[in-house]
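Visitor: Quick one, data_28.pdb (PDB, C-alpha atoms):
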MODEL        1
ATOM      1  CA  MET A   1     -41.654 203.159-102.360
ATOM      2  CA  ASN A   2     -38.734 201.940-100.251
ATOM      3  CA  TYR A   3     -35.382 201.707-102.096
ATOM      4  CA  ASN A   4     -32.655 199.249-101.013
ATOM      5  CA  GLU A   5     -29.288 198.965-102.744
ATOM      6  CA  GLY A   6     -26.339 196.643-102.195
ATOM      7  CA  ILE A   7     -27.738 195.041 -99.046
ATOM      8  CA  GLU A   8     -26.886 191.461 -98.100
ATOM      9  CA  TYR A   9     -29.616 189.535 -96.303
ATOM     10  CA  LYS A  10     -28.482 186.343 -94.512
ATOM     11  CA  LYS A  11     -30.618 183.630 -92.934
ATOM     12  CA  GLU A  12     -33.656 185.899 -92.781
ATOM     13  CA  ASP A  13     -37.109 184.360 -92.336
ATOM     14  CA  PHE A  14     -39.509 186.359 -94.480
ATOM     15  CA  THR A  15     -42.429 183.995 -93.829
ATOM     16  CA  SER A  16     -43.487 185.939 -90.735
ATOM     17  CA  ASN A  17     -41.448 189.150 -91.087
ATOM     18  CA  HIS A  18     -42.315 190.056 -94.686
ATOM     19  CA  LEU A  19     -39.913 191.816 -97.012
ATOM     20  CA  GLU A  20     -40.818 195.504 -97.125
ATOM     21  CA  LEU A  21     -42.571 196.712-100.266
ATOM     22  CA  GLY A  22     -40.072 198.473-102.503
ATOM     23  CA  GLU A  23     -37.178 198.091-104.921
ATOM     24  CA  TYR A  24     -34.117 195.959-104.235
ATOM     25  CA  GLU A  25     -31.130 196.659-106.462
ATOM     26  CA  ASN A  26     -27.850 194.736-106.365
ATOM     27  CA  CYS A  27     -29.008 192.938-103.222
ATOM     28  CA  THR A  28     -28.029 189.415-102.227
ATOM     29  CA  PHE A  29     -30.285 187.037-100.333
ATOM     30  CA  ILE A  30     -28.407 184.102 -98.747
ATOM     31  CA  ASN A  31     -30.152 181.161 -97.108
ATOM     32  CA  CYS A  32     -33.379 183.133 -96.654
ATOM     33  CA  ASN A  33     -36.841 181.630 -96.309
ATOM     34  CA  PHE A  34     -39.594 183.172 -98.448
ATOM     35  CA  GLU A  35     -41.820 180.067 -98.542
ATOM     36  CA  SER A  36     -45.447 181.028 -99.299
ATOM     37  CA  SER A  37     -44.547 184.725 -98.947
ATOM     38  CA  ASN A  38     -46.246 187.511-100.841
ATOM     39  CA  LEU A  39     -43.587 189.044-103.124
ATOM     40  CA  SER A  40     -46.179 190.861-105.239
ATOM     41  CA  ASN A  41     -45.310 194.328-106.537
ATOM     42  CA  LEU A  42     -41.690 194.079-105.342
ATOM     43  CA  ARG A  43     -38.872 195.030-107.714
ATOM     44  CA  PHE A  44     -35.661 193.008-107.820
ATOM     45  CA  VAL A  45     -32.997 194.478-110.104
ATOM     46  CA  GLU A  46     -29.641 192.707-110.540
ATOM     47  CA  CYS A  47     -30.222 190.668-107.376
ATOM     48  CA  GLU A  48     -29.006 187.206-106.443
ATOM     49  CA  PHE A  49     -30.767 184.558-104.374
ATOM     50  CA  ILE A  50     -28.458 181.865-102.958
ATOM     51  CA  GLU A  51     -29.761 178.769-101.152
ATOM     52  CA  CYS A  52     -33.152 180.382-100.568
ATOM     53  CA  ASN A  53     -36.582 178.782-100.334
ATOM     54  CA  LEU A  54     -39.095 180.682-102.470
ATOM     55  CA  SER A  55     -41.583 177.825-102.891
ATOM     56  CA  ASN A  56     -45.228 178.778-103.384
ATOM     57  CA  SER A  57     -44.512 182.503-103.109
ATOM     58  CA  GLN A  58     -46.858 184.952-104.819
ATOM     59  CA  LEU A  59     -45.350 186.868-107.729
ATOM     60  CA  ASN A  60     -48.179 189.163-108.857
ATOM     61  CA  ASN A  61     -46.585 192.036-110.800
ATOM     62  CA  THR A  62     -43.157 191.227-109.325
ATOM     63  CA  TYR A  63     -40.259 192.692-111.291
ATOM     64  CA  LEU A  64     -37.336 190.282-111.805
ATOM     65  CA  GLN A  65     -34.744 192.132-113.866
ATOM     66  CA  VAL A  66     -31.396 190.356-114.283
ATOM     67  CA  VAL A  67     -32.011 188.087-111.291
ATOM     68  CA  LYS A  68     -29.916 185.002-110.520
ATOM     69  CA  PHE A  69     -31.059 182.031-108.481
ATOM     70  CA  ASP A  70     -28.390 179.641-107.194
ATOM     71  CA  ALA A  71     -29.238 176.426-105.281
ATOM     72  CA  CYS A  72     -32.766 177.655-104.540
ATOM     73  CA  LYS A  73     -35.940 175.697-103.843
ATOM     74  CA  MET A  74     -38.633 177.260-106.022
ATOM     75  CA  ILE A  75     -41.502 174.777-106.158
ATOM     76  CA  GLY A  76     -44.858 175.918-107.522
ATOM     77  CA  LEU A  77     -43.903 179.442-108.603
ATOM     78  CA  GLN A  78     -46.195 181.112-111.123
ATOM     79  CA  PHE A  79     -43.714 183.191-113.117
ATOM     80  CA  GLU A  80     -46.469 184.097-115.588
ATOM     81  CA  GLN A  81     -47.741 186.530-112.938
ATOM     82  CA  CYS A  82     -44.450 188.487-112.962
ATOM     83  CA  SER A  83     -44.100 191.763-114.792
ATOM     84  CA  ASP A  84     -42.785 191.331-118.334
ATOM     85  CA  PHE A  85     -40.774 194.554-118.109
ATOM     86  CA  GLY A  86     -37.070 193.668-118.255
ATOM     87  CA  LEU A  87     -37.697 190.062-117.198
ATOM     88  CA  SER A  88     -34.326 188.285-117.162
ATOM     89  CA  LEU A  89     -33.687 185.137-115.127
ATOM     90  CA  GLU A  90     -30.831 182.715-114.555
ATOM     91  CA  PHE A  91     -31.137 179.415-112.674
ATOM     92  CA  ASN A  92     -28.267 177.296-111.370
ATOM     93  CA  ASN A  93     -28.773 174.126-109.310
ATOM     94  CA  CYS A  94     -32.407 174.996-108.513
ATOM     95  CA  VAL A  95     -35.553 172.940-107.963
ATOM     96  CA  LEU A  96     -38.356 174.514-110.018
ATOM     97  CA  ASN A  97     -40.816 171.607-109.988
ATOM     98  CA  HIS A  98     -44.494 172.430-110.684
ATOM     99  CA  SER A  99     -43.675 176.027-111.670
ATOM    100  CA  SER A 100     -45.118 177.855-114.668
ATOM    101  CA  PHE A 101     -43.555 180.131-117.269
ATOM    102  CA  TYR A 102     -46.746 180.362-119.346
ATOM    103  CA  GLN A 103     -46.355 182.945-122.148
ATOM    104  CA  LYS A 104     -43.120 184.372-120.689
ATOM    105  CA  LYS A 105     -40.334 185.729-122.876
ATOM    106  CA  LEU A 106     -37.142 184.176-121.515
ATOM    107  CA  LYS A 107     -34.730 184.539-124.412
ATOM    108  CA  ASN A 108     -31.133 183.535-123.653
ATOM    109  CA  SER A 109     -32.053 182.148-120.230
ATOM    110  CA  PRO A 110     -29.673 179.616-118.699
ATOM    111  CA  PHE A 111     -31.192 176.722-116.772
ATOM    112  CA  VAL A 112     -28.199 174.835-115.347
ATOM    113  CA  ASP A 113     -28.095 171.672-113.194
ATOM    114  CA  SER A 114     -31.747 172.169-112.250
ATOM    115  CA  LYS A 115     -34.865 170.039-111.773
ATOM    116  CA  LEU A 116     -37.855 171.212-113.764
ATOM    117  CA  LEU A 117     -40.359 168.407-113.202
ATOM    118  CA  GLU A 118     -43.857 169.160-114.544
ATOM    119  CA  VAL A 119     -42.910 172.763-115.356
ATOM    120  CA  ASP A 120     -45.239 174.531-117.797
ATOM    121  CA  PHE A 121     -43.524 176.325-120.688
ATOM    122  CA  THR A 122     -46.704 176.630-122.782
ATOM    123  CA  GLU A 123     -46.486 179.520-125.284
ATOM    124  CA  ALA A 124     -43.209 180.741-123.745
ATOM    125  CA  ASP A 125     -40.380 182.164-125.852
ATOM    126  CA  LEU A 126     -37.168 180.379-124.859
ATOM    127  CA  THR A 127     -35.151 181.376-127.937
ATOM    128  CA  GLN A 128     -31.422 180.673-127.467
ATOM    129  CA  SER A 129     -31.924 179.441-123.898
ATOM    130  CA  ARG A 130     -30.096 176.399-122.622
ATOM    131  CA  PHE A 131     -30.951 173.488-120.382
ATOM    132  CA  ASP A 132     -27.553 172.241-119.169
ATOM    133  CA  ASN A 133     -27.825 168.998-117.179
ATOM    134  CA  CYS A 134     -31.478 169.670-116.378
ATOM    135  CA  GLU A 135     -34.185 167.128-115.675
ATOM    136  CA  LEU A 136     -37.391 167.970-117.556
ATOM    137  CA  ASP A 137     -39.644 164.988-116.802
ATOM    138  CA  GLN A 138     -43.273 165.825-117.715
ATOM    139  CA  ALA A 139     -42.379 169.450-118.522
ATOM    140  CA  ILE A 140     -44.968 170.924-120.892
ATOM    141  CA  PHE A 141     -43.808 172.432-124.170
ATOM    142  CA  GLU A 142     -46.786 173.456-126.286
ATOM    143  CA  ASN A 143     -46.713 176.279-128.833
ATOM    144  CA  THR A 144     -43.349 177.133-127.287
ATOM    145  CA  ILE A 145     -40.614 178.933-129.191
ATOM    146  CA  LEU A 146     -37.557 176.716-128.780
ATOM    147  CA  GLU A 147     -35.453 178.089-131.630
ATOM    148  CA  LYS A 148     -31.725 177.644-131.029
ATOM    149  CA  VAL A 149     -32.385 176.140-127.570
ATOM    150  CA  ASP A 150     -29.702 173.766-126.310
ATOM    151  CA  PHE A 151     -31.148 170.513-124.939
ATOM    152  CA  ARG A 152     -27.987 168.435-125.534
ATOM    153  CA  THR A 153     -27.362 167.585-121.857
ATOM    154  CA  ALA A 154     -30.989 167.753-120.665
ATOM    155  CA  ILE A 155     -32.750 164.523-119.718
ATOM    156  CA  ASN A 156     -36.285 163.092-119.638
ATOM    157  CA  TYR A 157     -37.877 165.757-121.819
ATOM    158  CA  SER A 158     -40.646 165.057-124.259
ATOM    159  CA  LEU A 159     -41.873 167.546-126.809
ATOM    160  CA  ASP A 160     -43.950 167.459-129.950
ATOM    161  CA  LEU A 161     -41.923 168.833-132.855
ATOM    162  CA  ASP A 162     -45.161 169.687-134.683
ATOM    163  CA  LYS A 163     -46.528 171.831-131.831
ATOM    164  CA  ASN A 164     -43.396 173.871-131.094
ATOM    165  CA  LYS A 165     -40.967 176.041-133.033
ATOM    166  CA  VAL A 166     -37.653 174.176-132.848
ATOM    167  CA  LYS A 167     -35.595 175.581-135.719
ATOM    168  CA  LYS A 168     -31.870 175.128-135.012
ATOM    169  CA  ALA A 169     -32.531 173.678-131.535
ATOM    170  CA  GLN A 170     -29.823 171.257-130.396
ATOM    171  CA  PHE A 171     -30.527 167.756-129.106
ATOM    172  CA  SER A 172     -28.335 164.789-128.247
ATOM    173  CA  LEU A 173     -28.876 161.292-129.574
ATOM    174  CA  ASN A 174     -29.917 160.282-126.032
ATOM    175  CA  GLY A 175     -32.785 162.775-126.242
ATOM    176  CA  THR A 176     -34.364 161.395-129.390
ATOM    177  CA  PRO A 177     -36.850 159.150-127.536
ATOM    178  CA  GLY A 178     -38.443 162.309-126.093
ATOM    179  CA  LEU A 179     -38.808 163.719-129.593
ATOM    180  CA  LEU A 180     -40.303 160.557-131.089
ATOM    181  CA  ALA A 181     -42.580 159.473-128.206
ATOM    182  CA  LYS A 182     -45.785 160.600-129.929
ATOM    183  CA  TYR A 183     -45.039 158.232-132.821
ATOM    184  CA  GLY A 184     -44.659 155.187-130.569
ATOM    185  CA  ILE A 185     -41.167 154.598-131.956
ATOM    186  CA  LYS A 186     -38.643 152.808-129.795
ATOM    187  CA  ILE A 187     -34.921 153.213-130.379
ATOM    188  CA  SER A 188     -32.485 150.551-129.213
TER     189      SER A 188
ENDMDL
END
Mind turning this structure into structure tokens?

Guide:
Amino acid sequence: MNYNEGIEYKKEDFTSNHLELGEYENCTFINCNFESSNLSNLRFVECEFIECNLSNSQLNNTYLQVVKFDACKMIGLQFEQCSDFGLSLEFNNCVLNHSSFYQKKLKNSPFVDSKLLEVDFTEADLTQSRFDNCELDQAIFENTILEKVDFRTAINYSLDLDKNKVKKAQFSLNGTPGLLAKYGIKIS
């Protein structure tokens, strides 16, 4: 397996020239295009993706250990296909629409200034994660562990308090309509 450490990749197009199978540790990817690429079986350890397009990429058994995404387009990613070993993700100013985190353990994960439209968090463990200034319109939370999650600055979320574990989760008054929607209650 190919091992790469501390390499900076800039403006690379990996849609035709695929990233070589191997492990990437402490690497930085800046303004790279991975759209619809096969990232299966690759290992990313303490890597950062900045202004990259990873939309619709395949993540079968991909290792994402302490990986940061900043200003990335990540539409339609199936994170549930990633390896669970050491999975640790951070998102800042990303577009994650139509992605899925089904059954993933993402404790303490920061989602900051990101769009998560129609994202599936079914049966995920998001304990102590935070959604700072995130848009969560039509995001799916079902049988999700949301204990101590911070939703105070998130918008347009809707979740059923009876179908999720929400002990000590934090919400703002502006978010209450998304918590009461199933009851048909309107707050003025």

Visitor: Using the chain letters and numbers from the file, which residues does the PyMOL selection byres ((chain A and resi 159-175) around 8) grab, as number ranges by chain?

Guide: A: 140-158, 176-180, 182

Visitor: Select, from A:Glu20, A:Glu48, A:Glu90, A:Glu35, the residue with the minimum atom-to-atom distance to Lys73 in chain A, counting all atoms listed in the file.

Guide: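 Closest candidate: A:Glu35.
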
Visitor: Between A:Gln103, A:Ser88, A:Gln81, A:Asn17, single out the one closest to Glu123 in chain A, counting only C-alpha atoms.

Guide: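 Among the listed residues, A:Gln103 lies closest to Glu123 in chain A.
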
Visitor: Would you place a box with edges along x, y and z of the file around all atoms of range 132-150 of chain A listed there, add 5 Å to each of its six sides, and report the centre and edge lengths in Å to one decimal, as lines of an AutoDock Vina configuration file?

Guide:
center_x = -37.2
center_y = 172.0
center_z = -123.7
size_x = 29.2
size_y = 23.9
size_z = 26.0

Visitor: My list of candidates is A:His18, A:Lys11, A:Lys115, A:Arg43. Which is closest to Cys94 in chain A when distances are computed with all atoms listed in the file?

Guide: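 Smallest distance to Cys94 in chain A is found for A:Lys115.
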
Visitor: Excluding same-chain residues fewer than 3 positions from Tyr63 in chain A, what lies within 7 Å of it counting only C-alpha atoms, as a count of residues only?

Guide: 6

Visitor: Let me make sure I understand: among A:Asn133, A:Asn26, A:Ser40, A:Asn31, which one has the smallest atom-to-atom distance to Phe79 in chain A if we use all atoms listed in the file?

Guide: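 Using all atoms listed in the file, Phe79 in chain A sits closest to A:Ser40.
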
Visitor: When you count all atoms listed in the file, which of these residues is closest to Leu39 in chain A: A:Leu59, A:Gly22, A:Leu64, A:Ser16?

Guide: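 Residue with the minimum atom-to-atom distance to Leu39 in chain A: A:Leu59.
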
Visitor: What does the structure give for the distance between CA of Asn97 in chain A and CA of Phe121 in chain A, in Å to one decimal?

Guide: 12.0 Å

Visitor: Between A:Leu77, A:Thr15, A:Asn60, A:Lys105, single out the one closest to Asp125 in chain A, counting only C-alpha atoms.

Guide: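 Smallest separation from Asp125 in chain A among the options: A:Lys105.
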
Visitor: Can you tell me, as a PDB file with C-alpha atoms, keeping the file's coordinate frame, which residues sit within 12 Å of (-47.0, 181.6, -113.4) in the file's frame, using all atoms listed in the file?

Guide:
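Just written: selection15.pdb:
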ATOM      1  CA  ASN A  56     -45.228 178.778-103.384  1.00  0.00           C
ATOM      2  CA  SER A  57     -44.512 182.503-103.109  1.00  0.00           C
ATOM      3  CA  GLN A  58     -46.858 184.952-104.819  1.00  0.00           C
ATOM      4  CA  LEU A  59     -45.350 186.868-107.729  1.00  0.00           C
ATOM      5  CA  ASN A  60     -48.179 189.163-108.857  1.00  0.00           C
ATOM      6  CA  ASN A  61     -46.585 192.036-110.800  1.00  0.00           C
ATOM      7  CA  THR A  62     -43.157 191.227-109.325  1.00  0.00           C
ATOM      8  CA  MET A  74     -38.633 177.260-106.022  1.00  0.00           C
ATOM      9  CA  ILE A  75     -41.502 174.777-106.158  1.00  0.00           C
ATOM     10  CA  GLY A  76     -44.858 175.918-107.522  1.00  0.00           C
ATOM     11  CA  LEU A  77     -43.903 179.442-108.603  1.00  0.00           C
ATOM     12  CA  GLN A  78     -46.195 181.112-111.123  1.00  0.00           C
ATOM     13  CA  PHE A  79     -43.714 183.191-113.117  1.00  0.00           C
ATOM     14  CA  GLU A  80     -46.469 184.097-115.588  1.00  0.00           C
ATOM     15  CA  GLN A  81     -47.741 186.530-112.938  1.00  0.00           C
ATOM     16  CA  CYS A  82     -44.450 188.487-112.962  1.00  0.00           C
ATOM     17  CA  SER A  83     -44.100 191.763-114.792  1.00  0.00           C
ATOM     18  CA  ASP A  84     -42.785 191.331-118.334  1.00  0.00           C
ATOM     19  CA  LEU A  96     -38.356 174.514-110.018  1.00  0.00           C
ATOM     20  CA  HIS A  98     -44.494 172.430-110.684  1.00  0.00           C
ATOM     21  CA  SER A  99     -43.675 176.027-111.670  1.00  0.00           C
ATOM     22  CA  SER A 100     -45.118 177.855-114.668  1.00  0.00           C
ATOM     23  CA  PHE A 101     -43.555 180.131-117.269  1.00  0.00           C
ATOM     24  CA  TYR A 102     -46.746 180.362-119.346  1.00  0.00           C
ATOM     25  CA  GLN A 103     -46.355 182.945-122.148  1.00  0.00           C
ATOM     26  CA  LYS A 104     -43.120 184.372-120.689  1.00  0.00           C
ATOM     27  CA  VAL A 119     -42.910 172.763-115.356  1.00  0.00           C
ATOM     28  CA  ASP A 120     -45.239 174.531-117.797  1.00  0.00           C
ATOM     29  CA  PHE A 121     -43.524 176.325-120.688  1.00  0.00           C
ATOM     30  CA  THR A 122     -46.704 176.630-122.782  1.00  0.00           C
ATOM     31  CA  ALA A 124     -43.209 180.741-123.745  1.00  0.00           C
TER      32      ALA A 124
END

Visitor: Could you please determine the separation between CA of Glu12 in chain A and CA of Cys134 in chain A in Å, to one decimal place?

Guide: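 Atom-to-atom, CA of Glu12 in chain A to CA of Cys134 in chain A, that is 28.7 Å.
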
Visitor: Residues near Asn93 in chain A, anyone? I mean within 8 Å using all atoms listed in the file, not counting same-chain ones fewer than 4 positions away, as JSON, numbers by chain.

Guide: {"A": [70, 71, 72, 112, 113, 114, 115]}

Visitor: Expressed in Å to a single decimal, how great is the separation between CA of Pro110 in chain A and CA of Phe69 in chain A?

Guide: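 CA of Phe69 in chain A lies 10.6 Å from CA of Pro110 in chain A.
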
Visitor: Taking (-32.7, 180.4, -124.1) in the file's coordinates, which residues come within 7 Å, counting only C-alpha atoms, written as an mmCIF file with C-alpha atoms, in the coordinates of the input?

Guide:
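Generated output (point18.cif):
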data_model
loop_
_atom_site.group_PDB
_atom_site.id
_atom_site.type_symbol
_atom_site.label_atom_id
_atom_site.label_comp_id
_atom_site.auth_asym_id
_atom_site.auth_seq_id
_atom_site.Cartn_x
_atom_site.Cartn_y
_atom_site.Cartn_z
ATOM 1 C CA LEU A 106 -37.142 184.176 -121.515
ATOM 2 C CA LYS A 107 -34.730 184.539 -124.412
ATOM 3 C CA ASN A 108 -31.133 183.535 -123.653
ATOM 4 C CA SER A 109 -32.053 182.148 -120.230
ATOM 5 C CA PRO A 110 -29.673 179.616 -118.699
ATOM 6 C CA LEU A 126 -37.168 180.379 -124.859
ATOM 7 C CA THR A 127 -35.151 181.376 -127.937
ATOM 8 C CA GLN A 128 -31.422 180.673 -127.467
ATOM 9 C CA SER A 129 -31.924 179.441 -123.898
ATOM 10 C CA ARG A 130 -30.096 176.399 -122.622
ATOM 11 C CA VAL A 149 -32.385 176.140 -127.570
#

Visitor: Expand the PyMOL selection byres ((chain A and resi 46) around 6) into the individual residues it matches in the shown file, reporting them as a list in words.

Guide: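 With the shown file as input, the PyMOL selection byres ((chain A and resi 46) around 6) matches Glu25, Asn26, Val45, Cys47, Val66 and Val67 of chain A.
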
Visitor: Do a neighbour search on range 27-29 of chain A at 8 Å with all atoms listed in the file, toss out local chain neighbours closer than 2 positions, and write the hits as a ChimeraX atom specification.

Guide: /A:4-10,24-25,31-32,46-50,52

Visitor: What do you get, as an NGL selection string, if you spell out every residue that the PyMOL selection byres ((chain A and resi 136) around 6) selects here?

Guide: :A and (116-117 or 135 or 137 or 139 or 156-157)

Visitor: Can you give me N, CA and C atoms for range 36-50 of chain A, written as a PDB file, in the coordinates of the input?

Guide:
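Contents of out_35.pdb, as written:
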ATOM      1  N   SER A  36     -44.049 180.557 -99.337  1.00  0.00           N
ATOM      2  CA  SER A  36     -45.447 181.028 -99.299  1.00  0.00           C
ATOM      3  C   SER A  36     -45.566 182.515 -98.972  1.00  0.00           C
ATOM      4  N   SER A  37     -44.516 183.284 -99.203  1.00  0.00           N
ATOM      5  CA  SER A  37     -44.547 184.725 -98.947  1.00  0.00           C
ATOM      6  C   SER A  37     -45.205 185.464-100.100  1.00  0.00           C
ATOM      7  N   ASN A  38     -45.681 186.661 -99.813  1.00  0.00           N
ATOM      8  CA  ASN A  38     -46.246 187.511-100.841  1.00  0.00           C
ATOM      9  C   ASN A  38     -45.157 188.468-101.327  1.00  0.00           C
ATOM     10  N   LEU A  39     -44.628 188.193-102.528  1.00  0.00           N
ATOM     11  CA  LEU A  39     -43.587 189.044-103.124  1.00  0.00           C
ATOM     12  C   LEU A  39     -44.175 189.943-104.213  1.00  0.00           C
ATOM     13  N   SER A  40     -45.486 190.068-104.223  1.00  0.00           N
ATOM     14  CA  SER A  40     -46.179 190.861-105.239  1.00  0.00           C
ATOM     15  C   SER A  40     -45.750 192.322-105.178  1.00  0.00           C
ATOM     16  N   ASN A  41     -45.628 192.909-106.357  1.00  0.00           N
ATOM     17  CA  ASN A  41     -45.310 194.328-106.537  1.00  0.00           C
ATOM     18  C   ASN A  41     -43.925 194.733-106.041  1.00  0.00           C
ATOM     19  N   LEU A  42     -43.071 193.761-105.703  1.00  0.00           N
ATOM     20  CA  LEU A  42     -41.690 194.079-105.342  1.00  0.00           C
ATOM     21  C   LEU A  42     -40.853 194.149-106.618  1.00  0.00           C
ATOM     22  N   ARG A  43     -39.782 194.913-106.563  1.00  0.00           N
ATOM     23  CA  ARG A  43     -38.872 195.030-107.714  1.00  0.00           C
ATOM     24  C   ARG A  43     -37.491 194.534-107.301  1.00  0.00           C
ATOM     25  N   PHE A  44     -37.007 193.535-108.044  1.00  0.00           N
ATOM     26  CA  PHE A  44     -35.661 193.008-107.820  1.00  0.00           C
ATOM     27  C   PHE A  44     -34.854 193.282-109.081  1.00  0.00           C
ATOM     28  N   VAL A  45     -33.824 194.096-108.958  1.00  0.00           N
ATOM     29  CA  VAL A  45     -32.997 194.478-110.104  1.00  0.00           C
ATOM     30  C   VAL A  45     -31.557 194.060-109.821  1.00  0.00           C
ATOM     31  N   GLU A  46     -31.008 193.210-110.672  1.00  0.00           N
ATOM     32  CA  GLU A  46     -29.641 192.707-110.540  1.00  0.00           C
ATOM     33  C   GLU A  46     -29.396 192.133-109.142  1.00  0.00           C
ATOM     34  N   CYS A  47     -30.329 191.308-108.686  1.00  0.00           N
ATOM     35  CA  CYS A  47     -30.222 190.668-107.376  1.00  0.00           C
ATOM     36  C   CYS A  47     -29.841 189.204-107.535  1.00  0.00           C
ATOM     37  N   GLU A  48     -29.357 188.617-106.437  1.00  0.00           N
ATOM     38  CA  GLU A  48     -29.006 187.206-106.443  1.00  0.00           C
ATOM     39  C   GLU A  48     -29.598 186.536-105.213  1.00  0.00           C
ATOM     40  N   PHE A  49     -30.211 185.376-105.445  1.00  0.00           N
ATOM     41  CA  PHE A  49     -30.767 184.558-104.374  1.00  0.00           C
ATOM     42  C   PHE A  49     -29.930 183.290-104.302  1.00  0.00           C
ATOM     43  N   ILE A  50     -29.334 183.022-103.133  1.00  0.00           N
ATOM     44  CA  ILE A  50     -28.458 181.865-102.958  1.00  0.00           C
ATOM     45  C   ILE A  50     -29.001 181.001-101.824  1.00  0.00           C
TER      46      ILE A  50
END
